[in-house]
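Below is upload.tsv, holding TSV, C-alpha atoms.
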chain	number	residue	atom	x	y	z
A	1	MET	CA	55.17	52.09	7.70
A	2	ALA	CA	52.83	49.13	7.41
A	3	ALA	CA	55.68	46.78	6.45
A	4	LYS	CA	57.76	48.01	9.39
A	5	VAL	CA	54.94	47.41	11.85
A	6	SER	CA	54.26	43.93	10.57
A	7	LEU	CA	57.97	43.07	10.86
A	8	LEU	CA	57.96	44.33	14.44
A	9	ALA	CA	54.80	42.36	15.09
A	10	ARG	CA	56.44	39.23	13.73
A	11	ILE	CA	59.51	39.71	15.93
A	12	ARG	CA	57.23	40.21	18.92
A	13	LEU	CA	55.32	37.05	18.16
A	14	VAL	CA	58.52	35.02	17.84
A	15	LEU	CA	59.94	36.49	21.04
A	16	TRP	CA	56.75	35.84	23.00
A	17	GLY	CA	56.83	32.32	21.64
A	18	LEU	CA	60.34	31.89	23.05
A	19	VAL	CA	59.24	33.37	26.38
A	20	ALA	CA	56.42	30.83	26.51
A	21	VAL	CA	58.77	27.94	25.72
A	22	ALA	CA	61.28	29.08	28.35
A	23	ALA	CA	58.47	29.46	30.92
A	24	VAL	CA	57.22	25.94	30.23
A	25	VAL	CA	60.75	24.59	30.67
A	26	VAL	CA	61.17	26.41	34.00
A	27	GLY	CA	57.77	25.16	35.15
A	28	ALA	CA	58.50	21.57	34.15
A	29	LEU	CA	61.85	21.59	35.94
A	30	PHE	CA	60.31	22.95	39.14
A	31	LEU	CA	57.47	20.45	39.00
A	32	GLY	CA	59.97	17.63	38.55
A	33	GLN	CA	61.85	18.74	41.63
A	34	MET	CA	58.65	19.02	43.68
A	35	GLN	CA	57.49	15.56	42.66
A	36	GLU	CA	60.88	14.14	43.50
A	37	ALA	CA	60.65	15.75	46.93
A	38	ALA	CA	57.15	14.33	47.41
A	39	ARG	CA	58.34	10.85	46.44
A	40	GLN	CA	61.10	11.02	48.99
A	41	GLY	CA	58.45	11.84	51.57
A	42	ALA	CA	59.87	15.19	52.55
A	43	SER	CA	57.89	17.24	55.06
A	44	LEU	CA	56.95	20.81	54.30
A	45	PRO	CA	59.51	23.58	54.80
A	46	GLY	CA	59.41	24.76	58.40
A	47	ALA	CA	57.40	21.68	59.39
A	48	ALA	CA	59.28	21.34	62.66
A	49	ARG	CA	57.77	24.60	63.87
A	50	PHE	CA	54.21	23.29	63.55
A	51	GLY	CA	52.47	21.29	66.17
A	52	GLY	CA	53.57	20.26	69.63
A	53	ASP	CA	52.42	18.44	72.72
A	54	PHE	CA	49.02	19.09	74.23
A	55	GLU	CA	46.48	17.65	76.60
A	56	LEU	CA	42.79	18.31	75.98
A	57	VAL	CA	39.41	16.71	76.69
A	58	ASP	CA	37.58	14.66	74.06
A	59	GLN	CA	33.84	14.49	73.39
A	60	ASN	CA	33.51	11.64	75.88
A	61	SER	CA	35.00	13.90	78.58
A	62	LYS	CA	38.18	11.80	78.60
A	63	THR	CA	41.65	13.31	78.66
A	64	PHE	CA	43.27	13.21	75.25
A	65	SER	CA	47.04	13.54	75.13
A	66	SER	CA	49.08	14.17	72.00
A	67	ASP	CA	51.22	11.22	73.17
A	68	SER	CA	48.54	8.94	71.74
A	69	LEU	CA	49.31	10.35	68.29
A	70	LYS	CA	52.87	9.10	68.28
A	71	GLY	CA	53.54	6.66	65.47
A	72	ARG	CA	50.22	7.43	63.81
A	73	PRO	CA	49.45	9.78	60.94
A	74	TYR	CA	46.85	12.33	61.89
A	75	ALA	CA	44.72	15.09	60.39
A	76	VAL	CA	43.88	18.05	62.59
A	77	PHE	CA	41.63	21.03	61.99
A	78	PHE	CA	40.12	23.76	64.08
A	79	GLY	CA	36.53	25.00	64.15
A	80	PHE	CA	33.49	25.41	66.36
A	81	THR	CA	29.92	24.20	66.39
A	82	HIS	CA	28.35	27.66	66.05
A	83	CYS	CA	29.71	27.65	62.51
A	84	PRO	CA	27.21	27.76	59.65
A	85	ASP	CA	29.30	26.60	56.75
A	86	ILE	CA	32.89	25.49	56.75
A	87	CYS	CA	33.01	23.43	59.96
A	88	PRO	CA	30.09	21.09	59.28
A	89	THR	CA	31.19	20.88	55.65
A	90	THR	CA	34.74	19.93	56.58
A	91	LEU	CA	33.47	17.37	59.11
A	92	PHE	CA	31.18	15.95	56.45
A	93	GLU	CA	34.02	15.79	53.95
A	94	MET	CA	36.34	14.10	56.43
A	95	THR	CA	33.58	11.57	57.08
A	96	ARG	CA	33.44	10.80	53.36
A	97	HIS	CA	37.22	10.62	53.08
A	98	LEU	CA	37.42	8.14	55.95
A	99	GLU	CA	34.74	6.05	54.30
A	100	ALA	CA	36.65	6.09	51.00
A	101	LEU	CA	39.91	5.05	52.71
A	102	GLY	CA	38.25	1.81	53.75
A	103	PRO	CA	40.03	-0.29	56.40
A	104	LYS	CA	43.14	1.92	56.12
A	105	ALA	CA	41.12	4.76	57.68
A	106	ASP	CA	41.73	3.13	61.07
A	107	ARG	CA	45.39	4.11	60.80
A	108	LEU	CA	44.44	7.78	60.59
A	109	GLN	CA	43.49	9.87	63.60
A	110	VAL	CA	41.20	12.79	62.74
A	111	LEU	CA	41.03	15.60	65.28
A	112	PHE	CA	38.57	18.47	65.39
A	113	ILE	CA	39.72	21.04	67.95
A	114	THR	CA	37.29	23.76	68.99
A	115	VAL	CA	38.34	27.40	68.94
A	116	ASP	CA	35.27	28.20	71.06
A	117	PRO	CA	35.69	26.16	74.25
A	118	ALA	CA	33.23	28.38	76.17
A	119	ARG	CA	30.31	27.06	74.12
A	120	ASP	CA	31.82	23.81	72.82
A	121	THR	CA	31.80	21.70	75.94
A	122	PRO	CA	32.56	17.97	75.55
A	123	GLU	CA	28.77	17.37	75.74
A	124	GLN	CA	28.09	19.85	72.93
A	125	LEU	CA	30.87	18.29	70.83
A	126	GLN	CA	29.52	14.81	71.45
A	127	GLN	CA	26.05	15.78	70.29
A	128	TYR	CA	27.32	17.68	67.26
A	129	LEU	CA	29.81	15.04	66.16
A	130	SER	CA	27.20	12.27	66.33
A	131	ALA	CA	26.24	13.30	62.77
A	132	PHE	CA	29.72	12.40	61.49
A	133	ASP	CA	32.18	9.51	61.41
A	134	PRO	CA	32.53	8.20	64.98
A	135	ARG	CA	36.31	7.99	64.52
A	136	ILE	CA	36.55	11.79	64.45
A	137	VAL	CA	37.74	12.99	67.86
A	138	GLY	CA	36.41	16.35	69.04
A	139	LEU	CA	38.60	18.20	71.51
A	140	SER	CA	37.87	20.99	73.95
A	141	GLY	CA	39.59	22.38	77.03
A	142	SER	CA	40.06	25.57	78.99
A	143	GLU	CA	40.50	28.86	77.17
A	144	ALA	CA	44.20	28.76	78.10
A	145	GLN	CA	44.68	25.19	76.85
A	146	ILE	CA	43.00	25.99	73.54
A	147	ALA	CA	45.04	29.18	73.15
A	148	ASP	CA	48.20	27.14	73.73
A	149	VAL	CA	47.30	24.54	71.10
A	150	ALA	CA	46.26	27.26	68.64
A	151	LYS	CA	49.65	28.89	69.10
A	152	LYS	CA	51.51	25.62	68.56
A	153	TYR	CA	49.60	24.94	65.36
A	154	ARG	CA	49.84	28.56	64.19
A	155	ILE	CA	46.08	28.92	64.17
A	156	VAL	CA	44.26	32.22	63.81
A	157	ALA	CA	41.21	32.27	66.10
A	158	GLU	CA	39.44	35.55	66.82
A	159	LYS	CA	36.07	36.39	68.28
A	160	VAL	CA	33.72	38.59	66.24
A	161	VAL	CA	30.71	40.09	68.01
A	162	THR	CA	27.47	39.89	66.00
A	163	SER	CA	24.64	42.42	66.12
A	164	ASP	CA	22.43	40.16	68.24
A	165	GLY	CA	25.03	40.41	71.00
A	166	SER	CA	26.34	36.93	70.34
A	167	TYR	CA	29.61	36.14	68.60
A	168	THR	CA	31.11	34.10	65.83
A	169	MET	CA	34.72	33.03	65.27
A	170	ASN	CA	37.16	33.77	62.51
A	171	HIS	CA	39.56	30.88	62.32
A	172	THR	CA	42.09	28.99	60.24
A	173	ALA	CA	40.14	26.43	58.26
A	174	THR	CA	43.04	24.43	56.82
A	175	VAL	CA	43.27	20.73	57.66
A	176	PHE	CA	46.87	19.92	58.65
A	177	LEU	CA	48.24	16.47	57.86
A	178	PHE	CA	50.98	15.03	60.07
A	179	ASP	CA	52.84	11.80	59.47
A	180	GLY	CA	53.63	9.11	62.00
A	181	LYS	CA	56.78	10.99	63.02
A	182	GLY	CA	54.72	14.04	63.89
A	183	ALA	CA	55.97	16.12	60.96
A	184	LEU	CA	53.62	18.32	58.96
A	185	THR	CA	53.56	16.81	55.49
A	186	SER	CA	50.62	18.42	53.73
A	187	THR	CA	47.40	20.35	54.13
A	188	LEU	CA	43.86	20.10	52.83
A	189	SER	CA	42.05	23.19	51.67
A	190	TRP	CA	38.33	23.39	51.10
A	191	GLU	CA	39.01	25.00	47.74
A	192	GLU	CA	40.57	21.77	46.52
A	193	ASP	CA	38.42	19.18	44.84
A	194	GLU	CA	37.51	16.00	46.63
A	195	LYS	CA	39.83	13.83	44.51
A	196	THR	CA	42.90	15.90	45.38
A	197	ARG	CA	42.11	15.79	49.10
A	198	GLN	CA	41.41	12.08	48.96
A	199	ALA	CA	44.74	11.44	47.19
A	200	LYS	CA	46.63	13.38	49.87
A	201	LEU	CA	44.98	11.39	52.66
A	202	GLN	CA	45.62	8.16	50.80
A	203	ARG	CA	49.33	9.03	50.53
A	204	LEU	CA	49.40	9.91	54.20
A	205	VAL	CA	47.98	6.57	55.38
A	206	ASP	CA	50.09	4.62	52.87
A	207	ARG	CA	53.25	6.26	54.19
A	208	GLY	CA	52.19	5.88	57.77
B	1	MET	CA	71.88	19.74	41.71
B	2	GLN	CA	71.99	19.98	37.95
B	3	SER	CA	68.31	20.73	37.58
B	4	ILE	CA	68.64	23.82	39.76
B	5	LYS	CA	71.38	25.14	37.44
B	6	LEU	CA	69.14	24.43	34.44
B	7	ASN	CA	66.30	26.23	36.15
B	8	GLY	CA	68.45	29.31	36.65
B	9	VAL	CA	69.57	29.40	33.03
B	10	ALA	CA	66.07	28.88	31.68
B	11	ALA	CA	64.62	31.51	34.01
B	12	ALA	CA	67.30	34.01	33.01
B	13	VAL	CA	66.57	33.42	29.30
B	14	ALA	CA	62.85	33.84	29.88
B	15	GLY	CA	63.39	37.02	31.87
B	16	LEU	CA	65.67	38.55	29.23
B	17	LEU	CA	63.24	37.76	26.43
B	18	ALA	CA	60.31	39.14	28.38
B	19	THR	CA	62.19	42.41	29.00
B	20	VAL	CA	62.83	42.90	25.28
B	21	VAL	CA	59.23	42.17	24.37
B	22	VAL	CA	57.85	44.46	27.08
B	23	ALA	CA	60.06	47.28	25.72
B	24	LEU	CA	58.64	46.73	22.24
B	25	ASP	CA	55.10	46.61	23.63
B	26	THR	CA	55.53	49.87	25.50
B	27	ALA	CA	56.43	51.62	22.26
B	28	ALA	CA	53.41	50.17	20.49
B	29	ALA	CA	51.09	50.96	23.40
B	30	CYS	CA	52.01	54.65	23.31
B	31	GLU	CA	50.74	54.85	19.75
B	32	LYS	CA	47.47	53.09	20.62
B	33	HIS	CA	46.85	55.13	23.74
B	34	ASP	CA	45.33	58.19	22.01
B	35	LYS	CA	42.82	56.09	20.10
B	36	ALA	CA	41.78	54.21	23.22
B	37	ALA	CA	41.29	57.43	25.18
B	38	HIS	CA	38.93	58.68	22.50
B	39	ALA	CA	36.90	55.50	22.55
B	40	GLN	CA	36.54	55.58	26.32
B	41	THR	CA	35.18	59.12	26.35
B	42	LYS	CA	32.53	58.06	23.88
B	43	MET	CA	31.49	55.08	25.98
B	44	THR	CA	31.15	57.14	29.13
B	45	ARG	CA	28.83	59.52	27.35
B	46	VAL	CA	26.61	56.68	26.17
B	47	ALA	CA	26.39	55.36	29.71
B	48	ASP	CA	25.42	58.79	31.03
B	49	ALA	CA	22.60	58.98	28.56
B	50	GLY	CA	21.34	55.59	29.70
B	51	THR	CA	21.25	56.64	33.34
B	52	THR	CA	19.21	59.71	32.57
B	53	HIS	CA	16.64	57.51	30.83
B	54	ASN	CA	16.41	55.12	33.76
B	55	HIS	CA	15.11	57.76	36.12
B	56	ALA	CA	11.91	57.90	34.12
B	57	GLN	CA	11.07	54.23	34.79
B	58	SER	CA	9.97	52.63	38.02
B	59	HIS	CA	11.75	49.45	39.06
B	60	ALA	CA	10.12	46.26	37.84
B	61	GLY	CA	11.04	44.25	40.92
B	62	LEU	CA	13.13	41.40	42.16
B	63	SER	CA	12.99	37.70	41.65
B	64	VAL	CA	14.21	35.31	44.26
B	65	GLU	CA	15.06	31.71	43.50
B	66	LYS	CA	17.09	28.70	44.67
B	67	ALA	CA	16.56	29.36	48.34
B	68	TRP	CA	18.16	26.56	50.34
B	69	THR	CA	19.84	25.62	53.56
B	70	ARG	CA	21.37	22.45	54.93
B	71	ALA	CA	20.30	19.92	57.47
B	72	THR	CA	22.26	20.67	60.66
B	73	PRO	CA	24.14	18.33	62.98
B	74	PRO	CA	22.39	17.73	66.33
B	75	GLY	CA	22.95	20.56	68.77
B	76	ALA	CA	23.76	23.10	66.05
B	77	LYS	CA	22.72	26.61	67.04
B	78	VAL	CA	23.31	28.27	63.68
B	79	ALA	CA	22.87	27.49	60.00
B	80	GLY	CA	23.65	29.15	56.70
B	81	GLY	CA	21.00	30.10	54.15
B	82	PHE	CA	21.59	30.61	50.46
B	83	VAL	CA	19.50	32.22	47.73
B	84	THR	CA	19.83	33.84	44.31
B	85	ILE	CA	18.39	37.34	43.98
B	86	THR	CA	17.92	38.91	40.55
B	87	ASN	CA	17.12	42.57	40.08
B	88	SER	CA	15.42	42.80	36.71
B	89	GLY	CA	14.30	46.33	37.47
B	90	LYS	CA	16.00	49.58	36.72
B	91	GLU	CA	16.71	50.73	40.25
B	92	PRO	CA	19.15	49.40	42.81
B	93	ASP	CA	17.69	47.63	45.82
B	94	LYS	CA	19.12	46.24	49.01
B	95	LEU	CA	18.58	43.09	51.02
B	96	VAL	CA	18.22	44.57	54.50
B	97	GLY	CA	16.86	41.67	56.55
B	98	ALA	CA	15.37	38.22	56.59
B	99	SER	CA	13.49	35.78	58.74
B	100	PHE	CA	13.64	32.01	59.05
B	101	ALA	CA	10.91	29.94	60.71
B	102	LEU	CA	13.45	27.93	62.73
B	103	SER	CA	15.67	30.72	64.03
B	104	LYS	CA	15.34	33.69	66.34
B	105	SER	CA	17.14	36.07	64.03
B	106	VAL	CA	18.86	36.27	60.69
B	107	GLU	CA	21.88	38.31	59.67
B	108	VAL	CA	23.43	38.83	56.27
B	109	HIS	CA	27.07	37.78	56.44
B	110	GLU	CA	29.95	37.56	54.07
B	111	MET	CA	32.46	34.78	54.38
B	112	THR	CA	35.94	35.28	53.05
B	113	MET	CA	38.90	32.94	52.95
B	114	THR	CA	42.35	34.50	53.06
B	115	ASP	CA	45.50	32.45	53.51
B	116	GLY	CA	43.44	29.60	54.88
B	117	VAL	CA	41.68	31.79	57.45
B	118	MET	CA	37.89	31.80	57.28
B	119	ARG	CA	36.40	35.15	58.25
B	120	MET	CA	32.79	36.14	58.83
B	121	ASN	CA	31.64	39.70	58.53
B	122	GLU	CA	28.19	41.11	58.89
B	123	VAL	CA	27.22	43.02	55.75
B	124	GLU	CA	26.69	46.54	57.09
B	125	GLY	CA	23.78	48.53	55.73
B	126	GLY	CA	22.36	45.71	53.61
B	127	LEU	CA	23.46	43.78	50.55
B	128	ALA	CA	23.14	45.90	47.38
B	129	ILE	CA	21.46	44.30	44.37
B	130	ALA	CA	22.31	46.50	41.39
B	131	PRO	CA	19.80	46.75	38.53
B	132	GLY	CA	20.27	44.10	35.87
B	133	THR	CA	22.38	41.91	38.13
B	134	SER	CA	21.98	38.69	40.00
B	135	VAL	CA	23.56	38.12	43.41
B	136	GLU	CA	24.04	34.56	44.53
B	137	LEU	CA	24.27	33.96	48.24
B	138	LYS	CA	26.25	30.73	48.34
B	139	PRO	CA	28.68	28.70	50.45
B	140	GLY	CA	32.00	30.48	50.88
B	141	SER	CA	30.50	33.88	50.03
B	142	TYR	CA	27.50	35.96	51.05
B	143	HIS	CA	24.99	34.01	53.07
B	144	LEU	CA	22.14	34.36	55.49
B	145	MET	CA	23.22	33.47	58.99
B	146	PHE	CA	20.36	31.85	60.88
B	147	MET	CA	21.14	32.67	64.50
B	148	ASP	CA	19.87	30.82	67.53
B	149	LEU	CA	18.05	27.93	65.90
B	150	THR	CA	14.77	27.05	67.60
B	151	GLY	CA	14.42	23.83	65.62
B	152	THR	CA	16.47	21.56	63.40
B	153	PRO	CA	16.23	21.91	59.61
B	154	LYS	CA	15.68	18.39	58.28
B	155	GLU	CA	16.53	17.14	54.84
B	156	SER	CA	13.64	17.44	52.38
B	157	GLU	CA	11.49	19.42	54.79
B	158	PRO	CA	11.36	22.98	53.38
B	159	VAL	CA	11.39	25.83	55.89
B	160	LYS	CA	9.49	29.06	55.42
B	161	GLY	CA	11.13	32.43	55.62
B	162	THR	CA	11.12	35.96	54.26
B	163	LEU	CA	13.59	38.32	52.66
B	164	ARG	CA	13.21	42.03	53.33
B	165	PHE	CA	14.33	44.55	50.74
B	166	GLU	CA	14.68	48.29	51.08
B	167	LYS	CA	12.40	49.02	48.10
B	168	ALA	CA	10.70	45.78	47.10
B	169	GLY	CA	9.56	45.14	50.66
B	170	GLU	CA	9.09	41.66	52.07
B	171	ILE	CA	9.18	38.57	49.88
B	172	ALA	CA	8.05	35.22	51.28
B	173	ILE	CA	10.26	32.27	50.37
B	174	GLU	CA	10.71	28.64	51.22
B	175	PHE	CA	14.17	27.21	51.87
B	176	ALA	CA	14.77	23.73	50.47
B	177	VAL	CA	16.84	21.66	52.91
B	178	ALA	CA	19.84	19.87	51.40
B	179	PRO	CA	21.92	17.27	53.28
B	180	ILE	CA	24.76	18.22	55.64
B	181	GLY	CA	27.82	19.17	53.61
B	182	ALA	CA	25.91	19.97	50.41
B	183	LYS	CA	27.68	22.54	48.29
B	184	SER	CA	24.70	23.58	46.23
B	185	ILE	CA	20.94	23.27	46.18
B	186	ASP	CA	21.32	20.15	44.05
B	187	GLY	CA	22.97	18.54	47.01
B	188	ALA	CA	26.39	18.06	45.47
B	189	GLY	CA	28.24	15.90	47.93
B	190	GLY	CA	25.01	14.35	49.12
B	191	ASN	CA	21.70	13.09	47.85
B	192	THR	CA	19.23	15.39	46.22
B	193	PRO	CA	16.13	15.54	48.35
B	194	ALA	CA	13.48	13.33	46.73
B	195	GLY	CA	10.88	15.16	44.71
B	196	HIS	CA	12.87	18.37	44.70
B	197	GLY	CA	14.66	18.12	41.37
B	198	HIS	CA	16.03	21.60	41.74
B	199	GLY	CA	14.57	22.22	45.16
B	200	GLY	CA	13.46	25.59	46.42
B	201	HIS	CA	10.50	27.57	45.36
B	202	GLU	CA	10.85	30.22	42.79
B	203	MET	CA	8.88	33.29	43.68
B	204	LYS	CA	8.50	36.46	41.75
B	205	HIS	CA	7.66	39.76	43.24
B	206	GLN	CA	6.40	42.59	41.13
B	207	HIS	CA	5.64	46.15	42.06
Do you think you could lay out the structure here as structure tokens?
Amino acid sequence: MAAKVSLLARIRLVLWGLVAVAAVVVGALFLGQMQEAARQGASLPGAARFGGDFELVDQNSKTFSSDSLKGRPYAVFFGFTHCPDICPTTLFEMTRHLEALGPKADRLQVLFITVDPARDTPEQLQQYLSAFDPRIVGLSGSEAQIADVAKKYRIVAEKVVTSDGSYTMNHTATVFLFDGKGALTSTLSWEEDEKTRQAKLQRLVDRG
Amino acid sequence: MQSIKLNGVAAAVAGLLATVVVALDTAAACEKHDKAAHAQTKMTRVADAGTTHNHAQSHAGLSVEKAWTRATPPGAKVAGGFVTITNSGKEPDKLVGASFALSKSVEVHEMTMTDGVMRMNEVEGGLAIAPGTSVELKPGSYHLMFMDLTGTPKESEPVKGTLRFEKAGEIAIEFAVAPIGAKSIDGAGGNTPAGHGHGGHEMKHQH
């Protein structure tokens, strides 16, 4: 009995070993393909469905049209100023990324679009954004304009009433990276480390 | 593409192998199952005995440490507060409320991130702190939501507040203020406030 079990155990070990080897091979092949795709500068699958034209108001109360983004890589994310954690943190991180990009940062347009236009007037955005890199453009507009942009960028934005009668917003927190042709090429997630995000932005400005 | 063909072959081999091994494992697991079931019954009984004992002791209390918040951008109306609560007692307790010297009210919220969507939910009925556990309110998780700021938290200027527990009552704390964007009390991603090596004020509360 004991000998039989140990033989079975040995077979299992060998077989699992083969599974592991095969898995590594599959993984390596996939990775190779992905890297090749990245080198060729491919945009993400379904990229054409993301984004679109819009006209909003910036923190200086000036009209901002998506036309001004043409030919320039840009990073866009959505948030609101009544946000305790992720919005100021993302703004802070984008400030640091811009700093780290050095002179190349001027090629990149960074947009922060409010999902709470009722409270985030251009004046409120101007005050709030004064703590961050001045190159970050804050955008507001009418409820309808914001809803339209949110739809184009596939953004989730929903109001949640709090017990003090006020409200907070659930929203997509991803930073979307578009190249100079207006195609979605990558995203930044706050779960990623700073180096990874910086490398993605670096690639974006290098590619243009 | 040749690599796609290779992928398919390799994946098929891996799948086939895995199926064989899983079949072998299932047979082995059946044999082990009886033994495991016995062991589990024993463990449950031990745990029961422990619980009965606990009722005889009063809870020793909670300790609260690493209370911190961040400096806010100008015009900010809300801020997040973070703290680590340890229940070294024998009875469960609940964080049911809090106050912050620079805000009109405080709520206990939980932030979750699913598929890139950040969601905020008020923790209904208080945040449970089970005996023998530590709950860390931290960025991206449970946090205190300071609503309607009446002043601006400034870096290195600690702000007074209280935490209110169902059983332990009110505990006074002081929130260290880290820079905007800090991910922890040590100010990762920013400078540590001078003279606040680990910031915050550790306070113990005994009953």
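The closest residue to chain B, picked from A:Ile155, A:Leu111, A:Leu184, A:Met34 and counting only C-alpha atoms, is A:Ile155.
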For chain A, which residues have at least one atom within 6 Å of chain B, if we go by all atoms listed in the file? Write them as an NGL selection string, please.
:A and (19 or 22 or 26 or 82 or 84 or 89 or 92 or 127-128 or 131 or 170-174)
As a check of understanding: the span from atom CA of Phe112 of chain A to atom CA of Lys152 of chain A is 15.1 Å
Would you kindly return, as a PyMOL selection string, each protein, DNA or RNA residue with an atom no farther than 9 Å from any atom of Gln145 of chain A, considering only C-alpha atoms and excluding same-chain residues fewer than 4 positions away?
chain A and resi 54-56+140-141+149-150
Selection file, C-alpha atoms, as a PDB file, in the coordinates of the input:
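result26.pdb, written as the output of this step:
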ATOM      1  CA  PHE A  54      49.020  19.090  74.230  1.00  0.00           C
ATOM      2  CA  GLU A  55      46.480  17.650  76.600  1.00  0.00           C
ATOM      3  CA  LEU A  56      42.790  18.310  75.980  1.00  0.00           C
ATOM      4  CA  SER A 140      37.870  20.990  73.950  1.00  0.00           C
ATOM      5  CA  GLY A 141      39.590  22.380  77.030  1.00  0.00           C
ATOM      6  CA  VAL A 149      47.300  24.540  71.100  1.00  0.00           C
ATOM      7  CA  ALA A 150      46.260  27.260  68.640  1.00  0.00           C
TER       8      ALA A 150
END
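With all atoms listed in the file as the atoms that count, the minimum distance from Val137 of chain A to the choices A:Lys195, A:Arg72, A:Lys200, A:Lys62 is reached by A:Lys62.
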Is it possible to produce a file of segment 93-130 of chain B from this structure, with C-alpha atoms, as a tab-separated table (two decimals), in the first residue's frame?
chain	number	residue	atom	x	y	z
B	93	ASP	CA	-16.87	46.68	20.35
B	94	LYS	CA	-18.00	49.04	17.65
B	95	LEU	CA	-16.82	52.40	16.38
B	96	VAL	CA	-20.13	54.26	16.23
B	97	GLY	CA	-19.08	57.87	15.77
B	98	ALA	CA	-16.32	60.42	15.80
B	99	SER	CA	-15.62	64.12	15.93
B	100	PHE	CA	-12.96	66.27	14.32
B	101	ALA	CA	-12.14	69.80	15.49
B	102	LEU	CA	-12.17	71.15	11.92
B	103	SER	CA	-15.38	69.58	10.60
B	104	LYS	CA	-19.08	69.80	11.32
B	105	SER	CA	-19.61	66.06	11.28
B	106	VAL	CA	-17.82	62.79	10.80
B	107	GLU	CA	-19.05	59.60	9.19
B	108	VAL	CA	-17.44	56.18	9.00
B	109	HIS	CA	-17.14	55.20	5.36
B	110	GLU	CA	-15.77	52.31	3.42
B	111	MET	CA	-14.12	52.87	0.09
B	112	THR	CA	-14.03	50.07	-2.42
B	113	MET	CA	-12.50	49.89	-5.86
B	114	THR	CA	-14.13	47.55	-8.36
B	115	ASP	CA	-13.19	47.53	-12.03
B	116	GLY	CA	-11.67	50.96	-11.66
B	117	VAL	CA	-14.79	52.43	-10.05
B	118	MET	CA	-14.29	54.03	-6.65
B	119	ARG	CA	-17.30	53.64	-4.38
B	120	MET	CA	-18.03	55.16	-0.99
B	121	ASN	CA	-20.43	53.58	1.42
B	122	GLU	CA	-21.36	54.67	4.88
B	123	VAL	CA	-20.71	51.85	7.35
B	124	GLU	CA	-24.19	51.18	8.72
B	125	GLY	CA	-24.54	50.48	12.42
B	126	GLY	CA	-20.88	51.12	13.26
B	127	LEU	CA	-17.58	49.46	12.46
B	128	ALA	CA	-17.13	46.23	14.45
B	129	ILE	CA	-13.81	45.69	16.22
B	130	ALA	CA	-13.68	42.02	17.15
